[in-house]
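As structure tokens, the structure follows; a few thoughts come after it.
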Amino acid sequence: MLKVPASKLVQTKYKNVAYFRIGSSKEKLSKFPEWELKLNFTLQSGFPTINNVLAPDYAQDLTFKKLFVYYSIKGIEIKKETFEKTLKLRNKDGLYNIMAYILSDQNSIPIRVSIFNGDDKSAPLYSIKEFGNMCILYSLDRILDYADAINIIQADETNRISERKDVPLFDFEVLHEALLNAFIHNKRLTLNGPQISIFKNRIEILSHGGLAIDQDEKGFYSGTSIPVNEVLASIFLQLRLSERSGRSVPKIIGRYGKEAIKIEKNRIVVTIPFERIDTVGFDIDADDEEDNVEELEIRLNESQKKIIKFIRNNSSVTSKELMNEVNLSEPGVKKNLKQLKDMGLIKRIGANKNGYWKV
């Protein structure tokens, strides 16, 4: 009797024929050429990772200018002569791998934020914003900036005595942790990036691939950190984008409960619910940045809308220039600027003399 181990990644040879297990039965490996290829690759190179799997044939002429700029911004020097070896961007034959592809200046990996005008994906699709096709470090930064822009600060005046309570639409720190996890642990062998979906009542962040090979659900929920992409996780740690402390998942479930994370065979979905204040009449249908204020349906006066428009066109605009453009007195400009800042729509970056406005 021939005993074949219950594993699709272990072959058993008998009389020059290789067998492997499918469920409760054994089959000749030659009958399943796709599994034979995967098995042979695993036996020779180990389990497929973004470091031992080649980038597409058309992606062997890569550039990394943005990666160098990013390291420079973080105050870390990498040498052009050795960075490919240090960051493990080539395989043993000297060809670029998937790691190199996702860190390069330009790739074909989409990372989209889809906005649905309803509570699920059967609702009309309002807009799609593309943040991929570039070095993933920049994609992450752009998505975080976008998330910050839609995280409206709501004024809760319930039982107000003196100061009102400002309530953000969602916990940005938790969203930040969820996005980091999705970018670091997303299985990229199929060249798919994380997916972000915004509904009327929540944000969903989907990462492909499920748990790491040696990870179980108990360890995952307790904060035991086993990266799906080990070298990529090390780069995020080196750039001080992550801590590798294992607190991300406990922080998410501590804020929104264990039900906020759904683990399936080939994906993990994190749900960030919106905390809406009933008295606030706005909606998240943000598409065209030029019309962002109107789409959020916040009741602004005409002067405030003009101020937003001028700040978008000239972030260094002065109060005196706004007085002329909006036809307001100096106290009137200051009052409207303060109201816009209180609503979380604009903020001042830097000092009054040499700073600038950010919408």
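Naming works like this for the structure tokens: A, B, ... for the chains as they're shown, residue 1 at the start of each chain, ligands 1 onward in shown order.
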| Can you tell me, as a PyMOL selection string, what residues are no more than 9 Å from Val113 in chain A when counting only C-alpha atoms, ignoring any on the same chain fewer than 4 positions away? | chain A and resi 127-131+143+195-198
| said: List as a ChimeraX atom specification the protein and nucleic acid residues near Phe236 in chain A, meaning an atom at most 10 Å away when only C-alpha atoms are counted, but skip any in the same chain fewer than 5 places from it. | reply: /A:137,180,183-184,231,241-244
Residue selection dump (all heavy atoms) as a short mmCIF file (atom, residue, chain, number, x, y, z; two decimals), in the first residue's frame:
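Output contents, as saved in result-v1.cif:
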```
data_model
loop_
_atom_site.label_atom_id
_atom_site.label_comp_id
_atom_site.auth_asym_id
_atom_site.auth_seq_id
_atom_site.Cartn_x
_atom_site.Cartn_y
_atom_site.Cartn_z
N LEU A 137 5.16 53.05 -1.74
CA LEU A 137 5.34 53.96 -0.61
C LEU A 137 4.59 55.25 -0.86
O LEU A 137 3.97 55.82 0.05
CB LEU A 137 6.83 54.24 -0.40
CG LEU A 137 7.70 53.01 -0.12
CD1 LEU A 137 9.17 53.40 -0.10
CD2 LEU A 137 7.30 52.35 1.19
N LEU A 180 -1.68 50.13 6.74
CA LEU A 180 -0.31 49.63 6.82
C LEU A 180 -0.29 48.10 6.71
O LEU A 180 0.51 47.53 5.95
CB LEU A 180 0.33 50.06 8.14
CG LEU A 180 1.02 51.42 8.19
CD1 LEU A 180 1.50 51.71 9.60
CD2 LEU A 180 2.19 51.48 7.21
N PHE A 183 -0.98 47.01 3.14
CA PHE A 183 0.12 47.24 2.21
C PHE A 183 1.29 46.29 2.47
O PHE A 183 1.92 45.81 1.53
CB PHE A 183 0.61 48.69 2.32
CG PHE A 183 -0.08 49.63 1.36
CD1 PHE A 183 -1.39 50.02 1.58
CD2 PHE A 183 0.58 50.10 0.25
CE1 PHE A 183 -2.04 50.86 0.69
CE2 PHE A 183 -0.05 50.94 -0.65
CZ PHE A 183 -1.36 51.33 -0.44
N ILE A 184 1.57 46.00 3.73
CA ILE A 184 2.71 45.15 4.05
C ILE A 184 2.43 43.68 3.80
O ILE A 184 3.26 42.94 3.28
CB ILE A 184 3.13 45.36 5.53
CG1 ILE A 184 3.65 46.79 5.73
CG2 ILE A 184 4.20 44.35 5.94
CD1 ILE A 184 3.92 47.14 7.18
N VAL A 231 10.64 40.75 3.82
CA VAL A 231 11.60 41.81 3.44
C VAL A 231 10.89 43.14 3.29
O VAL A 231 11.42 44.19 3.68
CB VAL A 231 12.33 41.42 2.14
CG1 VAL A 231 13.33 42.50 1.75
CG2 VAL A 231 13.05 40.09 2.32
N LEU A 241 7.85 53.62 9.01
CA LEU A 241 6.44 53.65 8.65
C LEU A 241 5.64 52.71 9.53
O LEU A 241 4.44 52.88 9.70
CB LEU A 241 6.26 53.27 7.17
CG LEU A 241 6.90 54.21 6.15
CD1 LEU A 241 6.79 53.62 4.76
CD2 LEU A 241 6.26 55.59 6.20
N SER A 242 6.29 51.69 10.05
CA SER A 242 5.65 50.74 10.95
C SER A 242 6.58 50.48 12.13
O SER A 242 7.76 50.81 12.10
CB SER A 242 5.32 49.44 10.23
OG SER A 242 6.51 48.77 9.85
N GLU A 243 6.02 49.83 13.16
CA GLU A 243 6.78 49.59 14.38
C GLU A 243 7.17 48.13 14.56
O GLU A 243 8.09 47.82 15.29
CB GLU A 243 5.95 50.02 15.60
CG GLU A 243 5.55 51.48 15.58
CD GLU A 243 4.58 51.79 16.70
OE1 GLU A 243 4.13 50.84 17.38
OE2 GLU A 243 4.27 52.98 16.90
N ARG A 244 6.45 47.24 13.91
CA ARG A 244 6.64 45.79 14.08
C ARG A 244 6.45 45.40 15.55
O ARG A 244 7.15 44.56 16.10
CB ARG A 244 8.04 45.41 13.60
CG ARG A 244 8.27 43.93 13.35
CD ARG A 244 7.60 43.45 12.08
NE ARG A 244 7.89 42.05 11.86
CZ ARG A 244 8.95 41.60 11.17
NH1 ARG A 244 9.79 42.45 10.62
NH2 ARG A 244 9.12 40.32 11.00
#
```
Would you list the contacts of Thr49 in chain A as a PDB file with all heavy atoms, in the first residue's frame, taking every protein, DNA or RNA residue within 10 Å and counting only C-alpha atoms, but skipping same-chain residues closer than 5 positions in sequence?
```pdb
ATOM      1  N   LEU A  54       9.774  36.133 -10.154  1.00  0.00           N
ATOM      2  CA  LEU A  54      10.223  37.171 -11.069  1.00  0.00           C
ATOM      3  C   LEU A  54       9.129  38.191 -11.366  1.00  0.00           C
ATOM      4  O   LEU A  54       7.932  37.858 -11.399  1.00  0.00           O
ATOM      5  CB  LEU A  54      10.678  36.553 -12.385  1.00  0.00           C
ATOM      6  CG  LEU A  54      11.979  35.757 -12.386  1.00  0.00           C
ATOM      7  CD1 LEU A  54      12.268  35.242 -13.790  1.00  0.00           C
ATOM      8  CD2 LEU A  54      13.131  36.616 -11.898  1.00  0.00           C
ATOM      9  N   ASN A  97      12.706  40.989  -9.262  1.00  0.00           N
ATOM     10  CA  ASN A  97      11.592  40.219  -8.709  1.00  0.00           C
ATOM     11  C   ASN A  97      10.370  41.110  -8.480  1.00  0.00           C
ATOM     12  O   ASN A  97      10.373  42.300  -8.831  1.00  0.00           O
ATOM     13  CB  ASN A  97      12.031  39.540  -7.407  1.00  0.00           C
ATOM     14  CG  ASN A  97      12.633  40.546  -6.423  1.00  0.00           C
ATOM     15  OD1 ASN A  97      12.299  41.729  -6.438  1.00  0.00           O
ATOM     16  ND2 ASN A  97      13.519  40.079  -5.564  1.00  0.00           N
ATOM     17  N   ILE A  98       9.318  40.528  -7.903  1.00  0.00           N
ATOM     18  CA  ILE A  98       8.091  41.279  -7.642  1.00  0.00           C
ATOM     19  C   ILE A  98       8.356  42.431  -6.668  1.00  0.00           C
ATOM     20  O   ILE A  98       7.775  43.514  -6.806  1.00  0.00           O
ATOM     21  CB  ILE A  98       6.995  40.349  -7.066  1.00  0.00           C
ATOM     22  CG1 ILE A  98       6.623  39.263  -8.077  1.00  0.00           C
ATOM     23  CG2 ILE A  98       5.750  41.154  -6.700  1.00  0.00           C
ATOM     24  CD1 ILE A  98       5.983  39.757  -9.337  1.00  0.00           C
ATOM     25  N   MET A  99       9.232  42.221  -5.703  1.00  0.00           N
ATOM     26  CA  MET A  99       9.585  43.286  -4.761  1.00  0.00           C
ATOM     27  C   MET A  99      10.084  44.527  -5.503  1.00  0.00           C
ATOM     28  O   MET A  99       9.670  45.652  -5.228  1.00  0.00           O
ATOM     29  CB  MET A  99      10.653  42.796  -3.791  1.00  0.00           C
ATOM     30  CG  MET A  99      11.318  43.891  -2.989  1.00  0.00           C
ATOM     31  SD  MET A  99      10.317  44.413  -1.601  1.00  0.00           S
ATOM     32  CE  MET A  99      11.032  43.396  -0.349  1.00  0.00           C
ATOM     33  N   LYS A 187      -0.763  39.781  -0.389  1.00  0.00           N
ATOM     34  CA  LYS A 187      -0.052  38.829  -1.249  1.00  0.00           C
ATOM     35  C   LYS A 187      -0.040  39.377  -2.673  1.00  0.00           C
ATOM     36  O   LYS A 187      -1.074  39.432  -3.332  1.00  0.00           O
ATOM     37  CB  LYS A 187      -0.729  37.461  -1.209  1.00  0.00           C
ATOM     38  CG  LYS A 187       0.054  36.374  -1.925  1.00  0.00           C
ATOM     39  CD  LYS A 187      -0.610  35.022  -1.745  1.00  0.00           C
ATOM     40  CE  LYS A 187       0.206  33.911  -2.421  1.00  0.00           C
ATOM     41  NZ  LYS A 187      -0.447  32.598  -2.259  1.00  0.00           N
ATOM     42  N   ARG A 188       1.139  39.766  -3.144  1.00  0.00           N
ATOM     43  CA  ARG A 188       1.249  40.490  -4.409  1.00  0.00           C
ATOM     44  C   ARG A 188       1.705  39.613  -5.570  1.00  0.00           C
ATOM     45  O   ARG A 188       2.031  40.134  -6.651  1.00  0.00           O
ATOM     46  CB  ARG A 188       2.218  41.669  -4.237  1.00  0.00           C
ATOM     47  CG  ARG A 188       1.756  42.646  -3.167  1.00  0.00           C
ATOM     48  CD  ARG A 188       2.765  43.744  -2.924  1.00  0.00           C
ATOM     49  NE  ARG A 188       2.293  44.648  -1.894  1.00  0.00           N
ATOM     50  CZ  ARG A 188       1.509  45.687  -2.104  1.00  0.00           C
ATOM     51  NH1 ARG A 188       1.089  45.945  -3.329  1.00  0.00           N
ATOM     52  NH2 ARG A 188       1.125  46.468  -1.109  1.00  0.00           N
ATOM     53  N   LEU A 189       1.747  38.304  -5.387  1.00  0.00           N
ATOM     54  CA  LEU A 189       2.252  37.427  -6.441  1.00  0.00           C
ATOM     55  C   LEU A 189       1.387  37.481  -7.689  1.00  0.00           C
ATOM     56  O   LEU A 189       1.866  37.256  -8.797  1.00  0.00           O
ATOM     57  CB  LEU A 189       2.337  35.988  -5.925  1.00  0.00           C
ATOM     58  CG  LEU A 189       3.277  35.772  -4.729  1.00  0.00           C
ATOM     59  CD1 LEU A 189       3.269  34.319  -4.315  1.00  0.00           C
ATOM     60  CD2 LEU A 189       4.691  36.219  -5.061  1.00  0.00           C
ATOM     61  N   VAL A 228       3.615  38.431   6.006  1.00  0.00           N
ATOM     62  CA  VAL A 228       3.468  37.672   4.769  1.00  0.00           C
ATOM     63  C   VAL A 228       4.648  37.972   3.847  1.00  0.00           C
ATOM     64  O   VAL A 228       5.186  37.084   3.186  1.00  0.00           O
ATOM     65  CB  VAL A 228       2.132  38.032   4.075  1.00  0.00           C
ATOM     66  CG1 VAL A 228       2.055  37.388   2.689  1.00  0.00           C
ATOM     67  CG2 VAL A 228       0.953  37.586   4.928  1.00  0.00           C
ATOM     68  N   ASN A 229       5.052  39.257   3.812  1.00  0.00           N
ATOM     69  CA  ASN A 229       6.183  39.693   3.001  1.00  0.00           C
ATOM     70  C   ASN A 229       7.283  40.193   3.943  1.00  0.00           C
ATOM     71  O   ASN A 229       7.324  41.374   4.301  1.00  0.00           O
ATOM     72  CB  ASN A 229       5.752  40.791   2.031  1.00  0.00           C
ATOM     73  CG  ASN A 229       4.600  40.349   1.139  1.00  0.00           C
ATOM     74  OD1 ASN A 229       4.679  39.322   0.480  1.00  0.00           O
ATOM     75  ND2 ASN A 229       3.533  41.125   1.120  1.00  0.00           N
ATOM     76  N   GLU A 230       8.172  39.304   4.338  1.00  0.00           N
ATOM     77  CA  GLU A 230       9.158  39.596   5.377  1.00  0.00           C
ATOM     78  C   GLU A 230      10.068  40.763   5.026  1.00  0.00           C
ATOM     79  O   GLU A 230      10.271  41.684   5.818  1.00  0.00           O
ATOM     80  CB  GLU A 230      10.006  38.341   5.633  1.00  0.00           C
ATOM     81  CG  GLU A 230      11.110  38.537   6.662  1.00  0.00           C
ATOM     82  CD  GLU A 230      10.584  38.723   8.064  1.00  0.00           C
ATOM     83  OE1 GLU A 230       9.610  38.039   8.426  1.00  0.00           O
ATOM     84  OE2 GLU A 230      11.145  39.562   8.791  1.00  0.00           O
ATOM     85  N   VAL A 231      10.644  40.755   3.821  1.00  0.00           N
ATOM     86  CA  VAL A 231      11.597  41.806   3.438  1.00  0.00           C
ATOM     87  C   VAL A 231      10.891  43.143   3.285  1.00  0.00           C
ATOM     88  O   VAL A 231      11.415  44.191   3.678  1.00  0.00           O
ATOM     89  CB  VAL A 231      12.332  41.420   2.138  1.00  0.00           C
ATOM     90  CG1 VAL A 231      13.335  42.505   1.747  1.00  0.00           C
ATOM     91  CG2 VAL A 231      13.049  40.088   2.316  1.00  0.00           C
TER      92      VAL A 231
END
```
| Out of range 95-227 of chain A, which residues get alpha helix (DSSP H) from DSSP, as a PyMOL selection string? | chain A and resi 98-103+136-150+172-185+217-222
| said: Please identify the strand (DSSP E or B) residues within range 32-170 of chain A (assignment by DSSP from backbone atoms) and present them as a list in words. | reply: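 After running DSSP on the backbone, range 32-170 of chain A has strand (DSSP E or B) at Leu54, Arg90, Tyr96, Asn97, Arg112, Val113, Ser114, Ile115, Phe116, Leu125, Tyr126, Ser127, Ile128, Lys129, Glu130, Ile153, Gln154, Ala155, Asp156, Lys165, Asp166, Val167 and Pro168 of chain A.
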| message | At a cut-off of 8 Å, using only C-alpha atoms, what residues contact Asn336 in chain A? Leave out same-chain residues fewer than 4 positions from it and give the result as a list in words. | response |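 Close residues of Asn336 in chain A: Ser303, Gln304, Gly332 and Leu340 of chain A.
From CA of Lys338 in chain A back to CA of Ile311 in chain A, the distance works out to 14.0 Å.
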| query | Neighbours of Ala59 in chain A within 9 Å (only C-alpha atoms; same-chain residues fewer than 3 positions away dropped), as a PyMOL selection string? | reply | chain A and resi 55-56+62+96+101+107
How about saving the chosen residues, N, CA and C atoms kept, as a PDB file, in the first residue's frame?
```pdb
ATOM      1  N   ALA A  55       9.560  39.424 -11.607  1.00  0.00           N
ATOM      2  CA  ALA A  55       8.650  40.429 -12.148  1.00  0.00           C
ATOM      3  C   ALA A  55       8.277  40.007 -13.566  1.00  0.00           C
ATOM      4  N   PRO A  56       7.195  40.544 -14.128  1.00  0.00           N
ATOM      5  CA  PRO A  56       6.828  40.181 -15.505  1.00  0.00           C
ATOM      6  C   PRO A  56       7.978  40.444 -16.480  1.00  0.00           C
ATOM      7  N   LEU A  62      13.608  48.598 -14.951  1.00  0.00           N
ATOM      8  CA  LEU A  62      12.963  49.398 -13.916  1.00  0.00           C
ATOM      9  C   LEU A  62      13.843  50.551 -13.454  1.00  0.00           C
ATOM     10  N   TYR A  96      15.040  41.110 -11.959  1.00  0.00           N
ATOM     11  CA  TYR A  96      14.178  41.816 -11.003  1.00  0.00           C
ATOM     12  C   TYR A  96      13.021  40.921 -10.560  1.00  0.00           C
ATOM     13  N   TYR A 101       9.492  45.324  -8.555  1.00  0.00           N
ATOM     14  CA  TYR A 101       8.407  45.865  -9.380  1.00  0.00           C
ATOM     15  C   TYR A 101       7.504  46.798  -8.579  1.00  0.00           C
ATOM     16  N   ASN A 107       4.572  50.926 -12.277  1.00  0.00           N
ATOM     17  CA  ASN A 107       4.168  49.536 -12.456  1.00  0.00           C
ATOM     18  C   ASN A 107       2.710  49.508 -12.892  1.00  0.00           C
TER      19      ASN A 107
END
```
| message | List the spatial neighbours of Tyr71 in chain A as JSON, numbers by chain - criterion: any atom at most 10 Å away, only C-alpha atoms, same-chain residues fewer than 5 positions off excluded. | response | {"A": [66, 76, 77, 78, 238, 239]}
Export of the given selection (C-alpha atoms) as a compact mmCIF listing (two decimals), in the first residue's frame:
```txt
# COMPACT_ATOMS: atom_id res chain seq x y z
CA LYS A 66 11.11 57.91 -6.29
CA ILE A 76 18.27 57.52 5.30
CA GLU A 77 21.01 57.13 2.70
CA ILE A 78 21.03 54.22 0.30
CA GLN A 238 13.51 50.84 8.38
CA LEU A 239 11.60 53.84 6.99
```
Given only C-alpha atoms, how would the per-residue table for range 171-243 of chain A near range 255-268 of chain A read, listing every residue at most 10 Å away with its closest atom pair and distance in Å to one decimal, sorted by chain and number, as a tab-separated table?
```
residue	atom	partner	partner_atom	distance
A:Asp171	CA	A:Arg255	CA	8.4
A:Val174	CA	A:Arg255	CA	7.7
A:Ala178	CA	A:Ile261	CA	9.7
A:Ala182	CA	A:Ile268	CA	8.5
A:His185	CA	A:Ile268	CA	9.8
A:Asn186	CA	A:Arg267	CA	8.5
A:Lys187	CA	A:Arg267	CA	8.9
A:Pro194	CA	A:Arg267	CA	9.8
A:Glu204	CA	A:Ala260	CA	9.3
A:Ile205	CA	A:Ile268	CA	8.2
A:Leu206	CA	A:Ile268	CA	5.7
A:Ser207	CA	A:Ile268	CA	5.4
A:His208	CA	A:Arg267	CA	4.4
A:Gly209	CA	A:Asn266	CA	4.4
A:Gly210	CA	A:Arg267	CA	4.3
A:Leu211	CA	A:Ile268	CA	7.8
A:Glu217	CA	A:Ile263	CA	8.2
A:Phe220	CA	A:Ile263	CA	10.0
A:Tyr221	CA	A:Lys258	CA	8.1
```
| task | With a distance cut-off of 10 Å and only C-alpha atoms, select the neighbouring residues of Lys334 in chain A, excluding the residue or stretch itself and same-chain residues fewer than 4 positions from it, and output the selection as a VMD selection string. | result | chain A and resid 319 322 to 323 328 to 330 338 to 340
| message | Calculated over only C-alpha atoms, which of the candidates A:Ser104, A:Met343, A:Cys135, A:Leu300 has the smallest distance to Asp166 in chain A? | response |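 Of A:Ser104, A:Met343, A:Cys135, A:Leu300, the one nearest Asp166 in chain A is A:Met343, counting only C-alpha atoms.
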